[in-house]
$ cat data.txt   # compact mmCIF, C-alpha atoms
# COMPACT_ATOMS: atom_id res chain seq x y z
CA MET A 131 66.60 8.16 61.78
CA LYS A 132 67.98 8.65 58.25
CA LYS A 133 66.25 5.44 57.11
CA ARG A 134 62.89 6.71 58.42
CA ALA A 135 63.25 10.06 56.57
CA THR A 136 64.05 8.22 53.32
CA LYS A 137 60.96 6.03 53.73
CA GLY A 138 58.83 9.14 54.39
CA ARG A 139 60.14 10.89 51.24
CA THR A 140 59.57 7.75 49.19
CA ALA A 141 56.01 7.42 50.49
CA LEU A 142 55.32 11.13 49.81
CA PHE A 143 56.73 10.76 46.28
CA LEU A 144 54.58 7.69 45.58
CA VAL A 145 51.40 9.33 46.90
CA THR A 146 52.09 12.45 44.81
CA ALA A 147 52.75 10.34 41.71
CA LEU A 148 49.57 8.31 42.22
CA LEU A 149 47.44 11.43 42.77
CA THR A 150 48.92 13.10 39.70
CA ALA A 151 48.22 10.03 37.58
CA ALA A 152 44.68 9.67 38.94
CA LEU A 153 43.76 13.33 38.51
CA SER A 154 45.20 13.59 35.01
CA GLY A 155 42.40 11.26 33.83
CA CYS A 156 39.79 13.69 35.20
CA GLN A 157 40.45 16.42 32.67
CA SER A 158 37.49 17.24 30.48
CA SER A 159 37.97 16.42 26.85
CA LYS A 160 37.47 19.40 24.59
CA THR A 161 36.51 19.08 20.97
CA ASP A 162 38.41 21.13 18.48
CA SER A 163 35.97 23.81 17.34
CA SER A 164 37.62 23.85 13.93
CA LEU A 165 36.33 20.31 13.28
CA THR A 166 32.91 19.73 11.71
CA PRO A 167 30.85 17.34 13.84
CA VAL A 168 29.33 14.43 11.89
CA THR A 169 27.27 11.61 13.36
CA LEU A 170 27.42 8.37 11.37
CA ASN A 171 24.86 5.71 12.22
CA GLU A 172 25.75 2.29 10.81
CA VAL A 173 23.29 -0.57 10.46
CA ALA A 174 25.60 -2.97 12.35
CA HIS A 175 29.25 -3.31 13.24
CA SER A 176 30.72 -5.38 10.45
CA ILE A 177 34.05 -6.68 9.25
CA PHE A 178 33.08 -5.09 5.92
CA TYR A 179 33.53 -1.67 7.54
CA ALA A 180 37.09 -2.45 8.74
CA PRO A 181 38.65 0.30 6.58
CA GLN A 182 36.33 2.83 8.20
CA TYR A 183 37.27 1.67 11.70
CA ALA A 184 40.96 1.87 10.81
CA ALA A 185 40.48 5.40 9.42
CA ILE A 186 38.77 6.46 12.65
CA GLU A 187 41.52 5.00 14.84
CA LEU A 188 44.29 6.45 12.68
CA GLY A 189 42.74 9.93 12.84
CA TYR A 190 42.07 10.28 9.11
CA PHE A 191 38.68 11.90 9.66
CA LYS A 192 40.20 14.53 11.96
CA GLU A 193 42.90 15.18 9.37
CA GLU A 194 40.08 16.00 6.96
CA GLY A 195 38.41 18.34 9.47
CA LEU A 196 35.70 15.98 10.73
CA GLU A 197 34.84 15.11 14.32
CA LEU A 198 33.17 11.74 13.64
CA THR A 199 30.80 10.13 16.11
CA LEU A 200 30.04 6.51 15.21
CA VAL A 201 26.74 4.98 16.38
CA ASN A 202 25.56 1.39 15.94
CA GLY A 203 21.97 1.63 14.73
CA ALA A 204 21.17 -2.07 15.14
CA GLY A 205 19.03 -2.28 12.01
CA ALA A 206 18.17 -0.27 8.91
CA ASP A 207 14.82 0.79 10.38
CA LYS A 208 16.57 2.35 13.37
CA VAL A 209 19.23 4.00 11.19
CA MET A 210 16.47 5.58 9.10
CA THR A 211 14.72 6.77 12.27
CA ALA A 212 17.97 8.42 13.40
CA LEU A 213 18.32 10.14 10.03
CA ILE A 214 14.73 11.39 9.96
CA SER A 215 14.87 12.63 13.56
CA GLY A 216 18.16 14.43 12.99
CA ASP A 217 20.08 12.22 15.42
CA ALA A 218 22.38 11.16 12.56
CA ASP A 219 23.87 13.00 9.61
CA ILE A 220 24.78 9.89 7.61
CA GLY A 221 23.34 6.38 7.70
CA PHE A 222 24.99 3.20 6.46
CA MET A 223 22.24 0.78 5.48
CA GLY A 224 20.75 -1.01 2.55
CA SER A 225 18.19 0.62 0.31
CA GLU A 226 15.15 -1.04 1.88
CA ALA A 227 14.57 1.61 4.58
CA SER A 228 14.89 4.39 1.99
CA ILE A 229 12.37 2.62 -0.23
CA TYR A 230 9.90 2.18 2.66
CA THR A 231 10.26 5.83 3.65
CA TYR A 232 9.81 7.11 0.09
CA ALA A 233 6.88 4.77 -0.59
CA GLY A 234 5.29 5.97 2.64
CA GLY A 235 5.09 9.48 1.23
CA ALA A 236 7.77 11.15 3.33
CA GLU A 237 8.66 14.62 2.02
CA ASP A 238 12.19 14.48 3.41
CA TYR A 239 13.39 11.00 2.50
CA ALA A 240 16.89 9.55 2.42
CA VAL A 241 18.60 9.03 -0.90
CA ASN A 242 21.00 6.12 -1.31
CA PHE A 243 23.98 7.37 -3.24
CA ALA A 244 26.80 4.86 -2.99
CA GLN A 245 27.63 1.22 -2.62
CA LEU A 246 29.77 0.85 0.48
CA THR A 247 30.57 -2.81 0.12
CA GLN A 248 30.95 -5.19 -2.80
CA ARG A 249 29.11 -8.01 -1.05
CA ALA A 250 25.78 -8.23 0.71
CA GLY A 251 27.39 -9.44 3.93
CA ASN A 252 25.22 -12.53 4.26
CA PHE A 253 26.58 -15.53 6.08
CA LEU A 254 25.36 -19.09 6.26
CA VAL A 255 25.35 -20.18 9.89
CA ALA A 256 24.42 -23.62 11.21
CA ARG A 257 23.49 -24.85 14.65
CA GLN A 258 26.00 -27.69 14.48
CA PRO A 259 29.47 -27.80 12.87
CA ASP A 260 29.72 -29.74 9.62
CA GLU A 261 33.30 -30.53 8.66
CA ASN A 262 32.21 -31.90 5.26
CA PHE A 263 29.77 -29.16 4.27
CA THR A 264 28.67 -28.83 0.65
CA TRP A 265 25.99 -26.58 -0.80
CA GLU A 266 24.20 -29.73 -1.94
CA LYS A 267 23.31 -30.43 1.70
CA LEU A 268 21.01 -27.40 1.71
CA LYS A 269 18.61 -28.94 -0.79
CA GLY A 270 15.31 -29.70 0.91
CA THR A 271 16.20 -27.79 4.08
CA LYS A 272 14.72 -24.60 5.49
CA VAL A 273 17.05 -21.60 5.40
CA LEU A 274 16.13 -18.41 7.24
CA GLY A 275 16.96 -15.55 4.91
CA GLY A 276 17.04 -12.55 7.20
CA ARG A 277 15.34 -10.77 10.06
CA ALA A 278 12.13 -8.84 10.54
CA GLY A 279 12.69 -5.28 9.32
CA GLY A 280 15.47 -6.39 7.01
CA MET A 281 15.32 -6.96 3.28
CA PRO A 282 11.80 -6.62 1.85
CA ASP A 283 11.97 -10.12 0.37
CA HIS A 284 14.02 -12.58 2.40
CA ASP A 285 13.63 -15.07 -0.41
CA GLY A 286 15.90 -12.81 -2.48
CA ILE A 287 18.88 -13.97 -0.44
CA TRP A 288 17.83 -17.58 -0.90
CA GLU A 289 17.56 -17.02 -4.66
CA HIS A 290 21.22 -15.92 -4.70
CA ILE A 291 22.24 -19.00 -2.74
CA LYS A 292 20.18 -21.32 -4.96
CA GLY A 293 21.85 -19.73 -7.98
CA ILE A 294 25.20 -21.19 -6.93
CA LEU A 295 23.85 -24.66 -6.17
CA PRO A 296 24.46 -27.29 -8.79
CA PRO A 297 21.21 -28.39 -10.57

$ encode --input "data.txt" --output "structure tokens"
Amino acid sequence: MKKRATKGRTALFLVTALLTAALSGCQSSKTDSSLTPVTLNEVAHSIFYAPQYAAIELGYFKEEGLELTLVNGAGADKVMTALISGDADIGFMGSEASIYTYAGGAEDYAVNFAQLTQRAGNFLVARQPDENFTWEKLKGTKVLGGRAGGMPDHDGIWEHIKGILPP
């Protein structure tokens, strides 16, 4: 009889513990009203933004009074659309979308004001691995320099690459 009572108490304890744990995840998250909400729309998730991601995870933005919402825009054109529509407060992108918007006659256009990274973030990617790759191997081949909606002149990237090739 004593063994059965102990099992009943143990079962009751476990059920109570499980319910408490399950229901604690159902609390609504409240934003601190003292924080200023800021929506940041970035052109793409990138290793170049690693310091920003670390700052978000470490709570540095909250320490500075900002409630940061990070959105992946998936392209400069979409980041600019988010800025123009008011869906984003800040956009991380290259200058091309700002140039297109300004050249299109927009009255409220974005102004690029800082260089976030020191490199363009371009990568050379091949379909097959090449253990003995050299830049010389690119001579006479076709290299795709970007994507539609990206840099105004994809050949600009290729010009940078050709500049490092030996003559």

$ atom_distance --input "data.txt" --atom1 "atom CA of A:Ile214" --atom2 "atom CA of A:Ser163"
25.7 Å

$ residues_around --input "data.txt" --residues "stretch 165-167 of chain A" --least-positions-apart "6" --cutoff "6 Å" --atoms "all atoms listed in the file" --output "compact mmCIF listing (two decimals) with C-alpha atoms, in the coordinates of the input"
# COMPACT_ATOMS: atom_id res chain seq x y z
CA GLY A 195 38.41 18.34 9.47
CA LEU A 196 35.70 15.98 10.73
CA GLU A 197 34.84 15.11 14.32

$ atom_distance --input "data.txt" --atom1 "atom CA of A:Asn202" --atom2 "atom CA of A:Ile220"
11.9 Å

$ closest_residue --input "data.txt" --among "A:Ile186, A:Ala240, A:Leu254, A:Ala218" --to "A:Val168" --atoms "all atoms listed in the file"
A:Ala218

$ atom_distance --input "data.txt" --atom1 "atom CA of A:Ala185" --atom2 "atom CA of A:Leu198"
10.6 Å
